[in-house]
Every structure is written in C-alpha cells, then in structure tokens.
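Asker: Here you go, one structure.
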Amino acid sequence: MHKIESRTVVPAKGLRGEVIVPGDKSISHRAIMFASLAQGESRIRGLLRGEDCLSTMQAFKSLGIEVDEKSADELIIHGRGLDGLREPTDVVDCGNSGTTMRLMSGILAAQPFFSVLTGDQYLRKRPMGRVIGPLSEMGAKISGREDHSKAPLAIDGGGLHPTEYHSPIASAQVKSAVLLAGMQIDGTTTVYEPHLSRDHSERMLRYFGAELESFSGGARVTGRVVLKGQDIEIPGDISSAAFFLVAGLIVPGAELLLKNVGVNPTRCGVIDILQQMGGSIELTNQRELSGEPVADLLVKSSHLHGIEIGGSLIPRAIDEFPVVSVAAAFASGVTTICDAKELRVKETDRIAAMCETLGALGGVIEPREDGMVITGGHSLSGGRVNSFGDHRIAMSMAVAALAAEGDVEITDTACTETSFPGFWDLLTLISKDS
C-alpha cells in the first residue's frame with residue numbers, strides 16, 4: 001500500500017535540459033513474462049523498476065523463475081520454457097498492476113495447476129471480466145468476485161482449446177491474454193479487435209521466436225512453438241515522456257530534449273494529438289531497439305489550439321489522456337475527446353478525476369460518458385487537488401501546476417512510484433535549469 005504524500009508544485013519560469021524517462025512499462029512487463037516462458041537466459045536492460053513491474057517480477061519468482069538482478073535497471077531471467085512454471089504455494093499478489101493480472105490470467109489459464117491472483121484495494125475494483133470471458137470460451141476455469149468479474153481470481157489451469165475471439169474493445173491486455181493462452185496449446189488462436197491496440201506483445205513474442213502473425217484487424221498465434229532467451233533493450237516510456245512533452249509545450253520559453261523514447265506507432269498517438277494541436281515536437285535520431293522503434297524528441301513551447309479527438313486515435317493514446325486534457329486546458333478554443341469510455345475503468349475514473357482536478361483550479365471542463373469537452377484559454381489558479389491514488393492524475397496535475405498562476409498542492413502523490421520513480425526529482429531538475 002502506498003504511503004500518503006503531498007507535493008506542492010510552483011509555477012515554472014521556463015524549462016530547459018535533457019530528459020531521460022524510465023523504461024517503458026508495457027515493454028518491461030512483457031520482457032519479464034516472455035523471458036520467463038522462454039528457454040534459456042535472457043538479459044534485460046533498461047527495465048522500469050516501478051512498483052507495477054516489480055509485481056510482475058515477484059509473480060514469476062513465486063512461479064519458480066530465477067531472476068538475477070545485476071543492477072538497478074538490468075536483470076537476467078533464467079527461463080524455464082512453456083512447461084517450466086511451478087504451482088505457487090501462496091496467492092500471487094499483482095499489487096496495483098492491471099497488466100500483471102490480466103496477462104498472468106492468460107498465462108496461468110493454460111498451466112496445469114491451481115493459482116490465485118489478487119491485488120491492492122484499487123486493482124480489486126477493476127474489471128477482469130473482459131479477459132475472463134474470452135479465456136472461458138477457450139475452456140479456462142476462472143472464478144472471482146461479483147459474478148467472476150473482480151479479483152481475487154482463482155484459476156484451475158489447463159484443458160484449453162484454440163479460439164477465434166472477436167473483442168468488442170481495442171485492448172492490448174485482452175488481446176495479449178488470449179494470445180498468451182493460445183501460445184501454450186496446440187493449434188492456432190486468433191484475436192480480432194475493432195481498432196489496432198498497442199502491439200508490444202506481438203513484436204516481442206516474434207523477437208523471442210513465436211510463430212505470430214499480425215494483420216489488419218488482429219493477430220494470430222500458433223501454439224507450442226519454442227521461445228528462446230534473448231537480450232532486450234527497453235526504450236523510454238512514451239507514456240512517461242508525455243508529461244514532459246506537454247510541460248515543454250505549455251510553459252513559456254521551454255525547450256526540452258527527451259532521449260531514447262519508444263515511438264511504436266500503436267502507442268505514440270499522444271505525439272500525433274499534440275502536433276495536431278500545433279505543438280512543436282520533432283523526432284530525431286530514429287532507430288530500432290529489440291524490435292521497437294525509438295527516437296529522441298525535441299519539444300518547444302508552442303501556441304496550442306483545440307481539436308476533436310476520437311476513433312482510432314483513442315487506443316493509441318489511452319493512458320495519456322489525463323495530460324492531454326491539461327494541454328487542452330492551455331490551448332485556445334475547444335478540445336473534444338470522445339470514444340474514450342475506457343478511461344472510466346482505469347486506476348480511477350479518469351474522466352471524473354480530471355474534471356474535478358482541473359475544475360478545482362479554474363479549468364473549464366465538462367464530462368461526457370465517453371470523454372470530455374475542454375474549453376481552453378482560461379488561466380489556471382493555484383489550489384489543492386487530489387490525485388485519487390492514480391499516478392497519471394498526480395503527474396498530470398504537476399504538469400498543469402508548472403503553467404498555473406499559483407502554487408498547486410497535490411495530495412496522495414506516492415502513487416507515482418508505480419510507473420515513474422524519480423518523477424519529482426526530474427521535474428525539479430529541469431525547472432532549476434531553466
């Protein structure tokens with residue numbers, strides 16, 4: 001459980017410097033998982049040591065995987081193959097991590113033993129039916145609270161068959177859970193989705209040697225292919241970079257260079273959105289790391305304007321909408337976000353949370369069932385806001401405070417450790433260098 005902290009952020013006179021953001025959270029989770037399911041040794045560099053990824057690491061240790069932690073951001077995982085996991089002797093604690101619980105559900109549903117997944121008070125409120133449903137169609141035996149929709153989840157593994165699953169939502173976690181279950185059984189499993197969700201699982205599984213095909217509208221995997229241990233370099237997290245992209249755009253006179261950031265096309269919708277709003281963001285030194293596209297991002301203070309955001313852009317930027325709404329508050333005109341009902345079932349209801357927090361500082365923001373309408377151009381005052389225990393709300397409000405007219409106190413900020421250890425120190429550093 002996070003300790004409760006408060007932080008006060010003062011308006012910045014400018015922002016300057018180079019920014020190194022932590023390793024990508026989604027890729028870090030998957031690197032640990034897939035290396036554990038591969039045969040032989042995998043060396044992972046650039047790992048995010050946030051609480052969520054540490055929950056994944058601990059989960060696999062409890063399943064018999066040996067992990068050598070060589071340094072703060074490097075580890076060696078001794079994979080045991082698809083059949084090498086052992087039945088855990090206790091419940092598996094996923095902490096606050098929805099990615100851990102949902103992807104582990106797919107992995108453990110195919111394993112021939114009993115396991116129980118649980119998490120903290122926030123994770124136990126989040127919907128798990130979206131992965132239990134398709135896994136149950138494959139023959140999985142998973143039970144949970146509230147009609148098998150909430151954790152703790154009891155999984156009586158094994159006995160699965162391949163499936164063709166048509167997902168009603170574009171969710172990388174749902175897609176990955178089904179593919180990970182299908183990868184462990186004979187036959188071909190296919191997942192279709194309405195829009196392309198992030199494809200880190202597909203890229204990395206192919207990197208490990210899986211027989212996996214991506215196509216317009218989904219992906220399919222052939223089961224029982226042997227994965228081989230690999231060396232993995234994890235790029236910086238675009239979701240973490242987004243806070244500094246927006247800060248660089250809304251603080252007058254700012255210029256920041258964000259180094260070594262992952263720019264996977266299925267993830268970098270936030271760059272497209274901010275550029276459409278008039279933001280100056282330049283991609284330089286573009287290259288590839290372990291199957292993932294990477295670049296350095298040069299961002300400069302810009303005059304932003306409101307736009308309409310919806311459709312296929314939503315899953316490509318779903319985690320960034322709290323800070324996108326901050327950018328919209330400082331833009332001229334109206335920004336409309338729709339088709340984003342998924343925001344209501346994140347670590348908190350992020351639509352309600354951003355409306356309350358930005359509104360408390362004088363922002364003009366109206367909630368919709370599937371998004372928000374933000375009327376920009378109104379100065380934000382100082383004040384006191386609550387993060388609701390959500391790391392992305394806390395960091396988004398810190399960014400808003402940099403361009404506000406007074407100091408902003410943010411309560412319950414220890415939650416930022418789940419995805420961005422060192423965020424507050426980095427924020428202070430670039431403010432001092434300005």
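Every chain in the structure tokens takes a letter, A first, then B, and so on in the order presented; its residues are numbered from 1, and the ligands are numbered from 1 following the presented order.
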Any idea what's packed within 8 Å of Cys355 of chain A, counting only C-alpha atoms, ignoring anything in its chain fewer than 4 positions away? Could you give it as an mmCIF file with N, CA and C atoms, in the first residue's frame?

Answerer:
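Final output, saved to around_2.cif:
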```cif
data_model
loop_
_atom_site.group_PDB
_atom_site.id
_atom_site.type_symbol
_atom_site.label_atom_id
_atom_site.label_comp_id
_atom_site.auth_asym_id
_atom_site.auth_seq_id
_atom_site.Cartn_x
_atom_site.Cartn_y
_atom_site.Cartn_z
ATOM 1 N N ILE A 351 -11.970 10.261 -16.281
ATOM 2 C CA ILE A 351 -12.806 11.359 -16.775
ATOM 3 C C ILE A 351 -13.276 12.202 -15.602
ATOM 4 N N GLY A 359 -11.011 21.391 -12.855
ATOM 5 C CA GLY A 359 -12.068 22.329 -12.472
ATOM 6 C C GLY A 359 -11.755 23.063 -11.182
ATOM 7 N N ILE A 365 -14.062 22.390 -17.957
ATOM 8 C CA ILE A 365 -14.039 21.020 -18.477
ATOM 9 C C ILE A 365 -15.338 20.321 -18.113
ATOM 10 N N GLU A 366 -15.940 19.730 -19.125
ATOM 11 C CA GLU A 366 -17.262 19.103 -18.950
ATOM 12 C C GLU A 366 -17.152 17.612 -19.232
ATOM 13 N N PRO A 367 -17.610 16.773 -18.297
ATOM 14 C CA PRO A 367 -17.535 15.339 -18.544
ATOM 15 C C PRO A 367 -18.611 14.866 -19.521
ATOM 16 N N MET A 372 -14.565 13.970 -22.683
ATOM 17 C CA MET A 372 -14.594 15.294 -22.048
ATOM 18 C C MET A 372 -14.668 16.373 -23.124
#
```

Asker: Per residue of segment 159-256 of chain A within 6 Å of segment 292-299 of chain A, record the nearest atom pair and its distance in Å to one decimal, counting only C-alpha atoms, with rows in chain order and ascending residue number, as CSV.

Answerer:
```
residue,atom,partner,partner_atom,distance
A:Gly248,CA,A:Val299,CA,5.8
A:Glu255,CA,A:Val299,CA,5.7
A:Leu256,CA,A:Val299,CA,5.4
```

Asker: For atom CA of Phe60 of chain A and atom CA of Gly106 of chain A, determine how far apart the two atoms are, in Å to one decimal place.

Answerer: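 Spanning atom CA of Phe60 of chain A to atom CA of Gly106 of chain A is a straight-line distance of 13.8 Å.
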
Asker: Compile the contact shell of segment 144-150 of chain A as a list of chain:residue names: residues with an atom at most 7 Å away, counting only C-alpha atoms, same-chain residues fewer than 4 positions apart removed.

Answerer: A:Arg124, A:Lys125, A:Arg126, A:Pro127, A:Met128, A:Gly129, A:Ala154

Asker: If we count only C-alpha atoms and set the cut-off at 12 Å, which residues sit around Val21 of chain A, ignoring sequence neighbours fewer than 4 positions away in its own chain? Please answer as a PyMOL selection string.

Answerer: chain A and resi 25+46-49+234-245+257-262+296-297+419-427

Asker: Those same residues - C-alpha atoms - I'd like them written as an mmCIF file, in the first residue's frame.

Answerer:
```
data_model
loop_
_atom_site.group_PDB
_atom_site.id
_atom_site.type_symbol
_atom_site.label_atom_id
_atom_site.label_comp_id
_atom_site.auth_asym_id
_atom_site.auth_seq_id
_atom_site.Cartn_x
_atom_site.Cartn_y
_atom_site.Cartn_z
ATOM 1 C CA LYS A 25 6.247 -0.023 -18.509
ATOM 2 C CA GLY A 46 16.562 -0.504 -19.254
ATOM 3 C CA LEU A 47 13.896 -2.204 -17.131
ATOM 4 C CA LEU A 48 11.422 0.071 -15.375
ATOM 5 C CA ARG A 49 11.762 -0.572 -11.657
ATOM 6 C CA ILE A 234 13.902 -1.411 -23.305
ATOM 7 C CA PRO A 235 13.305 2.123 -24.639
ATOM 8 C CA GLY A 236 11.982 5.054 -22.606
ATOM 9 C CA ASP A 237 8.249 5.043 -21.938
ATOM 10 C CA ILE A 238 6.218 7.327 -24.233
ATOM 11 C CA SER A 239 3.538 7.491 -21.517
ATOM 12 C CA SER A 240 6.115 8.927 -19.102
ATOM 13 C CA ALA A 241 7.566 11.174 -21.808
ATOM 14 C CA ALA A 242 4.080 12.601 -22.431
ATOM 15 C CA PHE A 243 4.183 14.581 -19.180
ATOM 16 C CA PHE A 244 7.356 16.367 -20.285
ATOM 17 C CA LEU A 245 6.086 16.810 -23.834
ATOM 18 C CA LEU A 257 15.145 17.078 -25.438
ATOM 19 C CA LEU A 258 13.681 13.704 -24.420
ATOM 20 C CA LYS A 259 16.202 10.973 -25.179
ATOM 21 C CA ASN A 260 15.656 7.360 -26.270
ATOM 22 C CA VAL A 261 11.841 7.306 -26.227
ATOM 23 C CA GLY A 262 9.816 4.433 -27.711
ATOM 24 C CA ASP A 296 14.798 11.447 -29.429
ATOM 25 C CA LEU A 297 12.029 14.055 -29.076
ATOM 26 C CA SER A 419 5.270 3.936 -13.226
ATOM 27 C CA PHE A 420 7.774 6.793 -12.840
ATOM 28 C CA PRO A 421 10.293 6.526 -9.996
ATOM 29 C CA GLY A 422 12.192 9.817 -9.770
ATOM 30 C CA PHE A 423 9.493 11.919 -11.444
ATOM 31 C CA TRP A 424 9.514 14.671 -8.829
ATOM 32 C CA ASP A 425 13.311 14.979 -8.817
ATOM 33 C CA LEU A 426 13.362 15.222 -12.608
ATOM 34 C CA LEU A 427 10.638 17.868 -12.563
#
```

Asker: What does the structure give for the distance between atom CA of Tyr122 of chain A and atom CA of Glu347 of chain A, in Å to one decimal?

Answerer: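 Computing the Euclidean distance for atom CA of Tyr122 of chain A and atom CA of Glu347 of chain A yields 6.6 Å.
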
Asker: Write out as a list in words which residues come within 8 Å of Gly333 of chain A when counting only C-alpha atoms, dropping same-chain ones fewer than 2 positions away.

Answerer: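 Here the qualifying residues turn out to be His305, Gly306, Ala331, Thr335, Thr375, Gly376 and Gly377 of chain A.
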
Asker: Could the residues in this selection be saved with C-alpha atoms as a CSV table (one decimal), in the first residue's frame?

Answerer:
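Saved the output as again_2.csv:
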```csv
chain,number,residue,atom,x,y,z
A,305,HIS,CA,-5.4,25.1,-30.3
A,306,GLY,CA,-8.3,22.8,-29.6
A,331,ALA,CA,-5.0,25.6,-25.7
A,335,THR,CA,-11.0,20.2,-27.4
A,375,THR,CA,-12.7,24.9,-23.2
A,376,GLY,CA,-9.1,26.3,-23.2
A,377,GLY,CA,-7.7,29.7,-22.7
```

Asker: Quick one: of A:Ala177, A:Leu429, A:Ile32, A:Ala327, who's nearest to Ser302 of chain A, counting only C-alpha atoms?

Answerer: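 Between A:Ala177, A:Leu429, A:Ile32, A:Ala327, the residue approaching Ser302 of chain A most closely is A:Ala327.
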
Asker: Rank A:Ala72, A:Leu123, A:Met395, A:Val131 by their smallest atom-to-atom distance to Leu54 of chain A, using only C-alpha atoms, and report the top residue only.

Answerer: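 Counting only C-alpha atoms, the residue closest to Leu54 of chain A is A:Ala72.
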
Asker: Which residues, written as a PDB file with N, CA and C atoms, in the first residue's frame, have at least one atom at most 9 Å from Gly291 of chain A, with only C-alpha atoms counted and residues fewer than 2 positions away on the same chain left out?

Answerer:
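Final output, saved to result_27.pdb:
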```
ATOM      1  N   ARG A 203       5.208  -7.886 -31.183  1.00  0.00           N
ATOM      2  CA  ARG A 203       6.596  -7.615 -31.566  1.00  0.00           C
ATOM      3  C   ARG A 203       7.572  -8.445 -30.732  1.00  0.00           C
ATOM      4  N   MET A 204       7.353  -8.457 -29.413  1.00  0.00           N
ATOM      5  CA  MET A 204       8.319  -9.135 -28.551  1.00  0.00           C
ATOM      6  C   MET A 204       8.210 -10.654 -28.655  1.00  0.00           C
ATOM      7  N   ARG A 206       7.431 -12.319 -31.305  1.00  0.00           N
ATOM      8  CA  ARG A 206       8.164 -12.675 -32.523  1.00  0.00           C
ATOM      9  C   ARG A 206       9.671 -12.605 -32.280  1.00  0.00           C
ATOM     10  N   TYR A 207      10.111 -11.612 -31.528  1.00  0.00           N
ATOM     11  CA  TYR A 207      11.533 -11.453 -31.198  1.00  0.00           C
ATOM     12  C   TYR A 207      12.066 -12.678 -30.447  1.00  0.00           C
ATOM     13  N   GLU A 288      15.940   1.524 -34.156  1.00  0.00           N
ATOM     14  CA  GLU A 288      15.164   0.404 -33.613  1.00  0.00           C
ATOM     15  C   GLU A 288      15.952  -0.293 -32.512  1.00  0.00           C
ATOM     16  N   LEU A 289      15.251  -0.660 -31.425  1.00  0.00           N
ATOM     17  CA  LEU A 289      15.838  -1.407 -30.311  1.00  0.00           C
ATOM     18  C   LEU A 289      14.991  -2.640 -30.046  1.00  0.00           C
ATOM     19  N   PRO A 293      10.596   0.655 -32.420  1.00  0.00           N
ATOM     20  CA  PRO A 293      11.116   1.924 -32.919  1.00  0.00           C
ATOM     21  C   PRO A 293      11.348   2.932 -31.794  1.00  0.00           C
TER      22      PRO A 293
END
```

Asker: Which neighbours of Gly218 of chain A fall inside 12 Å, counting only C-alpha atoms, when residues of the same chain fewer than 6 positions from it are skipped, and could you give them as a PyMOL selection string?

Answerer: chain A and resi 164-167+169-172+174-176+178-179+189-199+202+212

Asker: Find, counting only C-alpha atoms, the residue in A:Val226, A:Val67, A:Ala401, A:Val323 that gets nearest to Leu380 of chain A.

Answerer: A:Ala401

Asker: Looking at only C-alpha atoms, which of A:Asp24, A:Glu320, A:Asp83, A:Asp68 is the one that sits closest to Gln39 of chain A?

Answerer: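 Looking at the shortest contact to Gln39 of chain A, the residue is A:Asp83.
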
Asker: What gap, in Å, lies between atom CA of Glu69 of chain A and atom CA of Glu41 of chain A?

Answerer: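 Interatomic distance, atom CA of Glu69 of chain A to atom CA of Glu41 of chain A: 12.9 Å.
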
Asker: Restricting the calculation to only C-alpha atoms, which member of A:Leu402, A:Cys338, A:Ala59, A:Ile155 is positioned closest to Gln111 of chain A?

Answerer: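 Once distances to Gln111 of chain A are computed over only C-alpha atoms, the minimum belongs to A:Ile155.
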